[in-house]
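Trainee: Hey, dropping model.txt in here, compact mmCIF, C-alpha atoms and all ligand atoms:
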```
# COMPACT_ATOMS: atom_id res chain seq x y z
CA MET A 62 100.59 121.89 150.23
CA PRO A 63 99.78 125.17 148.48
CA VAL A 64 102.62 126.95 146.75
CA ASN A 65 103.12 129.69 149.31
CA ALA A 66 102.52 127.65 152.44
CA THR A 67 104.93 128.07 155.32
CA ARG A 68 107.24 125.13 155.46
CA THR A 69 109.13 123.99 158.51
CA ALA A 70 112.21 121.85 158.92
CA THR A 71 112.08 118.90 161.30
CA HIS A 72 115.16 117.70 163.14
CA ARG A 73 116.84 114.64 161.60
CA ARG A 74 119.45 112.10 162.61
CA PHE A 75 121.65 110.66 159.91
CA LEU A 76 124.24 107.93 159.60
CA MET A 77 127.09 108.65 157.19
CA CYS A 78 130.35 106.95 156.19
CA ARG A 79 133.43 108.98 155.27
CA PRO A 80 134.68 107.99 151.79
CA GLN A 81 138.15 107.15 153.15
CA TYR A 82 138.50 104.12 150.87
CA PHE A 83 136.26 105.39 148.09
CA GLY A 84 137.11 104.41 144.54
CA VAL A 85 135.63 102.85 141.44
CA THR A 86 137.32 99.47 141.28
CA TYR A 87 134.41 97.50 139.77
CA SER A 88 131.30 98.34 137.80
CA ILE A 89 127.82 97.40 139.01
CA ASN A 90 125.91 100.31 137.48
CA PRO A 91 126.29 102.28 134.22
CA TRP A 92 127.93 105.24 135.99
CA MET A 93 130.92 103.24 137.19
CA ASP A 94 133.94 103.15 134.90
CA PRO A 95 137.01 101.70 136.67
CA GLU A 96 139.19 103.20 133.92
CA LYS A 97 138.22 106.75 134.89
CA PRO A 98 140.41 108.30 137.58
CA VAL A 99 138.84 109.09 140.95
CA ASN A 100 140.18 111.69 143.36
CA THR A 101 139.54 110.25 146.82
CA ALA A 102 140.78 113.38 148.61
CA LEU A 103 138.30 115.48 146.64
CA ALA A 104 135.53 112.96 147.35
CA ILE A 105 136.26 113.32 151.08
CA GLN A 106 136.17 117.11 150.81
CA GLN A 107 132.85 117.10 148.95
CA TRP A 108 131.39 114.61 151.43
CA GLU A 109 132.57 116.71 154.40
CA ASN A 110 130.81 119.73 152.92
CA VAL A 111 127.52 117.83 152.90
CA ARG A 112 128.06 116.51 156.44
CA ASP A 113 128.90 120.02 157.67
CA LEU A 114 125.85 121.41 155.89
CA TYR A 115 123.59 118.93 157.72
CA LEU A 116 125.18 119.97 161.03
CA HIS A 117 124.77 123.62 160.14
CA LEU A 118 121.07 122.98 159.42
CA GLY A 119 120.79 121.64 162.96
CA HIS A 120 120.70 117.93 162.18
CA GLU A 121 122.69 115.20 163.91
CA VAL A 122 125.21 113.10 162.04
CA GLU A 123 126.58 109.79 163.29
CA GLU A 124 129.50 108.21 161.47
CA ILE A 125 130.20 104.55 160.85
CA THR A 126 133.88 103.63 160.51
CA PRO A 127 134.76 103.00 156.86
CA VAL A 128 136.28 99.63 156.04
CA GLU A 129 139.17 99.24 153.62
CA GLY A 130 138.21 97.19 150.59
CA PHE A 131 134.59 98.45 150.52
CA PRO A 132 134.82 101.40 148.12
CA ASP A 133 131.03 101.86 148.02
CA MET A 134 130.52 101.91 151.80
CA VAL A 135 130.19 105.71 151.62
CA PHE A 136 126.68 105.08 150.29
CA ALA A 137 125.19 104.66 153.75
CA ALA A 138 121.61 104.81 152.47
CA ASN A 139 122.08 101.25 151.24
CA GLY A 140 123.16 99.97 154.65
CA ALA A 141 119.72 99.46 156.23
CA THR A 142 116.21 100.84 156.59
CA VAL A 143 115.36 102.33 159.98
CA ILE A 144 111.81 103.23 160.97
CA ASP A 145 110.43 103.60 164.51
CA GLY A 146 113.79 102.41 165.85
CA ARG A 147 113.47 99.07 164.05
CA VAL A 148 116.25 98.12 161.69
CA LEU A 149 115.85 96.05 158.55
CA GLY A 150 119.33 95.03 157.45
CA ALA A 151 120.46 95.10 153.83
CA ARG A 152 121.25 92.15 151.58
CA PHE A 153 123.12 93.33 148.52
CA ARG A 154 122.51 92.15 144.97
CA HIS A 155 126.21 92.12 144.06
CA SER A 156 128.94 90.16 145.82
CA GLU A 157 131.22 93.23 145.67
CA ARG A 158 129.04 94.90 148.32
CA SER A 159 127.65 91.91 150.23
CA ALA A 160 129.92 92.35 153.27
CA GLU A 161 128.51 95.84 153.86
CA GLY A 162 125.19 94.41 155.06
CA PRO A 163 126.61 92.78 158.21
CA ALA A 164 129.00 95.73 158.74
CA TYR A 165 126.08 98.17 158.96
CA LEU A 166 123.97 95.81 161.06
CA ALA A 167 126.86 95.45 163.52
CA TRP A 168 126.88 99.23 163.94
CA PHE A 169 123.22 99.12 164.96
CA HIS A 170 123.79 96.24 167.38
CA ASP A 171 126.70 98.11 168.96
CA ARG A 172 124.49 101.17 169.39
CA GLY A 173 121.89 99.15 171.29
CA TYR A 174 119.29 98.74 168.56
CA ARG A 175 117.54 95.49 169.52
CA ASP A 176 114.73 95.21 167.02
CA THR A 177 116.74 94.21 163.98
CA ARG A 178 116.22 91.78 161.14
CA ILE A 179 118.64 89.99 158.85
CA PRO A 180 116.67 90.05 155.60
CA VAL A 181 115.71 86.94 153.65
CA HIS A 182 115.42 88.71 150.30
CA VAL A 183 117.77 91.05 148.51
CA ASN A 184 117.15 94.66 149.51
CA GLU A 185 119.49 97.65 149.32
CA GLY A 186 118.14 99.66 152.22
CA GLU A 187 117.00 103.20 151.65
CA GLY A 188 118.33 103.00 148.12
CA ASP A 189 115.03 101.30 147.34
CA TYR A 190 112.87 102.03 150.40
CA LEU A 191 111.66 105.58 150.98
CA LEU A 192 109.27 106.60 153.75
CA VAL A 193 106.61 109.20 152.88
CA GLY A 194 104.56 110.04 155.93
CA ARG A 195 103.64 106.59 157.24
CA GLN A 196 103.89 104.70 154.01
CA ILE A 197 106.81 103.13 152.25
CA LEU A 198 107.59 103.45 148.55
CA ALA A 199 109.60 100.46 147.36
CA GLY A 200 111.75 100.17 144.26
CA THR A 201 112.50 97.04 142.29
CA GLY A 202 113.74 96.17 138.83
CA PHE A 203 117.50 96.32 139.28
CA ARG A 204 118.52 95.77 142.90
CA THR A 205 115.88 95.09 145.56
CA ASP A 206 113.99 91.83 144.94
CA SER A 207 110.26 92.45 144.69
CA ARG A 208 109.74 89.63 147.24
CA SER A 209 111.49 91.85 149.75
CA HIS A 210 108.60 94.31 149.58
CA ALA A 211 106.26 91.92 151.45
CA GLU A 212 109.02 91.16 153.95
CA THR A 213 109.43 94.89 154.59
CA GLN A 214 105.70 95.52 154.96
CA GLU A 215 105.46 92.69 157.49
CA PHE A 216 108.51 93.83 159.47
CA PHE A 217 107.52 97.49 159.83
CA GLY A 218 103.75 97.04 159.76
CA LEU A 219 103.45 99.88 157.27
CA PRO A 220 101.89 99.82 153.80
CA VAL A 221 104.38 99.26 151.01
CA THR A 222 103.81 100.36 147.42
CA SER A 223 105.94 98.60 144.80
CA LEU A 224 107.39 100.70 141.99
CA THR A 225 109.27 99.23 139.04
CA LEU A 226 112.36 100.94 137.69
CA VAL A 227 113.13 100.44 134.01
CA ASP A 228 116.16 102.61 133.18
CA PRO A 229 119.50 101.08 134.29
CA ALA A 230 120.95 104.59 134.88
CA PHE A 231 118.37 104.95 137.69
CA TYR A 232 118.83 101.57 139.32
CA HIS A 233 117.76 102.53 142.86
CA LEU A 234 114.49 104.24 143.77
CA ASP A 235 116.42 107.10 145.42
CA THR A 236 118.01 107.97 142.07
CA ALA A 237 114.57 108.58 140.53
CA LEU A 238 112.40 109.87 143.38
CA ALA A 239 112.92 112.00 146.47
CA VAL A 240 110.63 112.56 149.44
CA LEU A 241 110.06 116.27 150.11
CA SER A 242 107.60 116.24 153.00
CA GLU A 243 105.06 113.99 154.75
CA ASN A 244 102.96 113.90 151.57
CA GLU A 245 105.06 115.30 148.74
CA VAL A 246 107.63 113.80 146.43
CA MET A 247 109.54 114.71 143.29
CA TYR A 248 110.39 112.13 140.64
CA TYR A 249 111.51 111.47 137.10
CA PRO A 250 108.68 109.65 135.29
CA GLY A 251 110.98 108.19 132.62
CA ALA A 252 112.71 106.00 135.21
CA PHE A 253 109.51 104.06 135.95
CA SER A 254 107.38 101.49 134.14
CA GLN A 255 104.08 102.74 132.67
CA GLY A 256 102.11 101.12 135.47
CA SER A 257 104.31 102.61 138.17
CA GLN A 258 104.05 106.06 136.56
CA ALA A 259 100.27 105.71 136.78
CA VAL A 260 100.53 104.69 140.46
CA LEU A 261 102.70 107.74 141.20
CA ARG A 262 100.24 110.06 139.44
CA GLU A 263 97.43 108.52 141.48
CA MET A 264 99.26 108.89 144.80
CA PHE A 265 100.95 112.24 144.15
CA PRO A 266 98.99 114.22 141.56
CA ASP A 267 100.85 117.43 142.46
CA ALA A 268 104.35 115.98 142.55
CA VAL A 269 107.30 117.99 141.33
CA LEU A 270 108.37 116.36 138.07
CA ALA A 271 112.02 116.27 137.13
CA ASN A 272 113.14 116.49 133.53
CA ALA A 273 115.77 114.28 131.89
CA GLU A 274 118.55 116.83 132.59
CA ASP A 275 117.71 116.94 136.32
CA ALA A 276 117.72 113.16 136.48
CA ALA A 277 121.00 112.89 134.57
CA VAL A 278 122.83 114.98 137.18
CA PHE A 279 121.22 112.91 139.98
CA GLY A 280 119.01 115.83 141.02
CA LEU A 281 116.55 113.38 142.56
CA ASN A 282 119.16 111.95 144.86
CA ALA A 283 118.15 114.62 147.34
CA LEU A 284 117.53 114.96 151.05
CA SER A 285 114.71 117.14 152.38
CA ASP A 286 114.04 118.04 156.02
CA GLY A 287 110.67 119.49 155.08
CA LEU A 288 112.09 122.92 154.28
CA HIS A 289 115.68 122.61 153.06
CA VAL A 290 116.28 120.32 150.13
CA VAL A 291 119.92 119.36 149.70
CA LEU A 292 120.57 118.24 146.13
CA PRO A 293 123.21 118.30 143.38
CA GLU A 294 123.76 121.91 142.32
CA ALA A 295 123.61 121.02 138.62
CA ALA A 296 119.87 120.25 138.89
CA THR A 297 118.95 123.84 138.03
CA HIS A 298 115.42 123.19 136.77
CA LEU A 299 114.53 121.25 139.93
CA ILE A 300 116.05 123.95 142.12
CA HIS A 301 113.80 126.48 140.42
CA GLU A 302 110.70 124.27 140.83
CA LEU A 303 111.43 123.63 144.50
CA ARG A 304 111.83 127.32 145.22
CA ALA A 305 108.50 128.01 143.53
CA ARG A 306 106.90 125.54 145.95
CA GLY A 307 108.28 127.25 149.02
CA PHE A 308 111.23 124.95 149.68
CA GLN A 309 114.77 126.17 150.24
CA PRO A 310 116.90 124.14 147.85
CA ILE A 311 120.62 124.00 148.63
CA GLY A 312 122.84 122.87 145.76
CA VAL A 313 125.99 120.90 146.59
CA ASP A 314 128.83 119.42 144.55
CA LEU A 315 129.27 115.66 144.92
CA THR A 316 130.53 115.03 141.40
CA GLU A 317 133.38 112.79 142.59
CA LEU A 318 130.87 110.39 144.16
CA LEU A 319 128.69 110.52 141.06
CA LYS A 320 131.46 108.53 139.34
CA ALA A 321 130.18 105.59 141.40
CA GLY A 322 126.54 106.41 140.69
CA GLY A 323 125.74 108.13 143.96
CA SER A 324 125.05 111.55 145.41
CA VAL A 325 123.44 113.30 148.40
CA LYS A 326 120.77 110.80 149.41
CA CYS A 327 122.96 107.79 148.74
CA CYS A 328 125.41 109.12 151.34
CA THR A 329 122.71 109.59 153.96
CA LEU A 330 120.86 106.96 155.98
CA GLU A 331 118.07 108.33 158.12
CA LEU A 332 117.87 107.10 161.71
CA ARG A 333 114.22 107.25 162.69
CA THR A 334 114.06 106.41 166.35
CA GLY A 335 110.30 106.68 166.53
N1 LIG A 401 128.16 102.18 143.42
C1 LIG A 401 127.03 101.98 144.26
C2 LIG A 401 126.18 100.84 143.76
O1 LIG A 401 126.07 100.68 142.58
C3 LIG A 401 126.24 103.24 144.36
C4 LIG A 401 125.12 103.18 145.33
C5 LIG A 401 124.30 104.43 145.36
N2 LIG A 401 123.40 104.42 146.44
C6 LIG A 401 122.11 104.75 146.38
N3 LIG A 401 121.43 104.83 147.48
N4 LIG A 401 121.53 104.98 145.24
O2 LIG A 401 125.62 100.09 144.53
```
Could you render the structure as structure tokens?

Mentor:
Amino acid sequence: MPVNATRTATHRRFLMCRPQYFGVTYSINPWMDPEKPVNTALAIQQWENVRDLYLHLGHEVEEITPVEGFPDMVFAANGATVIDGRVLGARFRHSERSAEGPAYLAWFHDRGYRDTRIPVHVNEGEGDYLLVGRQILAGTGFRTDSRSHAETQEFFGLPVTSLTLVDPAFYHLDTALAVLSENEVMYYPGAFSQGSQAVLREMFPDAVLANAEDAAVFGLNALSDGLHVVLPEAATHLIHELRARGFQPIGVDLTELLKAGGSVKCCTLELRTG
């Protein structure tokens, strides 16, 4: 889309999980240091600000009841992938999170979602699966098994493009790439293998490119409704770039959740009813 094009927001439905039992009690990514203190009350406050912002922007937010003993359950994006009302459940790489898969799937069953699948291969939901228009970008390298990509393509009947992550700090696709509109993304090239960088250049020649500083503050862990882009406020270069392209970036503070290696997008699972 040209730089000064008029952008419009489309209405979204999200699933979120209050960080009631949030903490860093184990380490499954380089951001997590169980020795570092975490302020759960502050995490809840920061999370509520994001939830309230979504509501203020006119979006709908559903909440799944947090479960004690699952400190990472706040990262709802990992709970499933939902497209056209069909739900692909998650199967976590690490045993610390494995019980979250069934917990999220149960929520969908309770809400009357019938077209669901218990996955065969490891996949961490929208952490590694991002929908751009009618195609799916799929991350692998650290969490989601590359064999899951074929399973996902078959289940949704949508083309899946595999992208390989190479930097352990950006272990999920949604830490290195964000969808901005039906045909636009922003990403940090350094998080991807050479081949995957070439694929991204081929598919999105005009993409917004993040620099290392943006990536380090999780600036790519962002949620766009087509106009507003909610992202960590510390990603100042990205905020500037997005504004120049006609988006309305909105910076938020989720630094308490960053201690677990998550931010805006990680806390947000999109419910696409189709
Ligand atoms: N501590 C969590 C993990 O390592 C963070 C998950 C972040 N979620 C995301 N969608 N990137 O699994």

Trainee: Hey, which residues come within 9 Å of ligand LIG 401 (chain A) if we count all atoms listed in the file? Could you give them as number ranges by chain?

Mentor: A: 85, 87-93, 132-140, 153-155, 157-158, 185-189, 204, 231-236, 282, 318-330

Trainee: May I have the residues within 10 Å of A:Ala70 as a CSV table (one decimal) with C-alpha atoms, in the frame of the given file, using only C-alpha atoms and disregarding those fewer than 2 positions away in the same chain?

Mentor:
```
chain,number,residue,atom,x,y,z
A,68,ARG,CA,107.2,125.1,155.5
A,72,HIS,CA,115.2,117.7,163.1
A,73,ARG,CA,116.8,114.6,161.6
A,118,LEU,CA,121.1,123.0,159.4
A,119,GLY,CA,120.8,121.6,163.0
A,120,HIS,CA,120.7,117.9,162.2
A,242,SER,CA,107.6,116.2,153.0
A,285,SER,CA,114.7,117.1,152.4
A,286,ASP,CA,114.0,118.0,156.0
A,287,GLY,CA,110.7,119.5,155.1
A,288,LEU,CA,112.1,122.9,154.3
A,289,HIS,CA,115.7,122.6,153.1
A,290,VAL,CA,116.3,120.3,150.1
A,308,PHE,CA,111.2,125.0,149.7
```

Trainee: Please work out which residues fall within 10 Å of (114.9, 110.6, 162.4), coordinates as given in the file, with all atoms listed in the file counting, and return them as number ranges by chain.

Mentor: A: 71-75, 120-121, 143-146, 286, 330-335

Trainee: Which residue out of A:Val99, A:Ala305, A:Ala164, A:Leu76 has the minimum interatomic distance to A:Glu123 when all atoms listed in the file are used?

Mentor: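 Closest to A:Glu123, using all atoms listed in the file: A:Leu76.
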
Trainee: Residues around (117.7, 117.0, 130.6), cut-off 12 Å, counting only C-alpha atoms - what are they as a ChimeraX atom specification?

Mentor: /A:249,251,270-280,295-299

Trainee: Excluding A:His170 and its own-chain neighbours fewer than 5 positions away, which residues fall within 12 Å of it when counting only C-alpha atoms? Please give them as a PyMOL selection string.

Mentor: chain A and resi 146-150+163-165+175-179

Trainee: Contacts of A:Leu103 at 10 Å or less, counting all atoms listed in the file, minus same-chain residues fewer than 6 places along, as number ranges by chain?

Mentor: A: 80, 109, 315-318

Trainee: Name the closest residue to A:Ala199 among the candidates A:Val183, A:Ala237, A:Ala167, A:Val221; distances are taken between atoms, counting all atoms listed in the file.

Mentor: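 Ranked by minimum distance to A:Ala199, first place goes to A:Val221.
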
Trainee: Which one of A:Tyr190, A:Tyr82, A:Tyr174, A:Tyr115 sits closest to A:Thr222 if you count all atoms listed in the file?

Mentor: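 For A:Thr222, the nearest of the given residues is A:Tyr190.
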
Trainee: Could you tell me how far atom CA of A:Leu224 sits from atom CA of A:Ala211, in Å to one decimal place?

Mentor: 13.0 Å

Trainee: Pick out the closest residue to A:Leu166 from this set: A:Val128, A:Met77, A:Ala151, A:Val181. Count all atoms listed in the file.

Mentor: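 Of all the options, A:Ala151 lies closest to A:Leu166.
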
Trainee: Would you mind listing what lies within 7 Å of stretch 245-248 of chain A as a ChimeraX atom specification, with all atoms listed in the file counted and same-chain residues fewer than 4 positions away left out?

Mentor: /A:237-241,265,268-271,281

Trainee: Write the residues of the selection above to a file with C-alpha atoms, as a tab-separated table (two decimals), in the coordinates of the input.

Mentor:
```tsv
chain	number	residue	atom	x	y	z
A	237	ALA	CA	114.57	108.58	140.53
A	238	LEU	CA	112.40	109.87	143.38
A	239	ALA	CA	112.92	112.00	146.47
A	240	VAL	CA	110.63	112.56	149.44
A	241	LEU	CA	110.06	116.27	150.11
A	265	PHE	CA	100.95	112.24	144.15
A	268	ALA	CA	104.35	115.98	142.55
A	269	VAL	CA	107.30	117.99	141.33
A	270	LEU	CA	108.37	116.36	138.07
A	271	ALA	CA	112.02	116.27	137.13
A	281	LEU	CA	116.55	113.38	142.56
```

Trainee: To one decimal place, how far is atom CA of A:Asn100 from atom CA of A:Ala160 in Å?

Mentor: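 Going from atom CA of A:Asn100 over to atom CA of A:Ala160 covers 24.0 Å.
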
Trainee: Need to verify the contact set: A:Ser209, 6 Å, all atoms listed in the file, exclusion of same-chain residues closer than 3 positions in sequence. Can you return it as a PyMOL selection string?

Mentor: chain A and resi 182+206+212

Trainee: Could you tell me how far atom CA of A:Val291 lies from atom CA of A:Pro229, in Å and to one decimal?

Mentor: 23.9 Å

Trainee: Of the candidates A:Asn184, A:Glu124, A:Pro310, A:Pro250, which shows the shortest atom-to-atom distance to A:Arg112, using only C-alpha atoms?

Mentor: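 Looking only at the distances to A:Arg112, the closest residue turns out to be A:Glu124.
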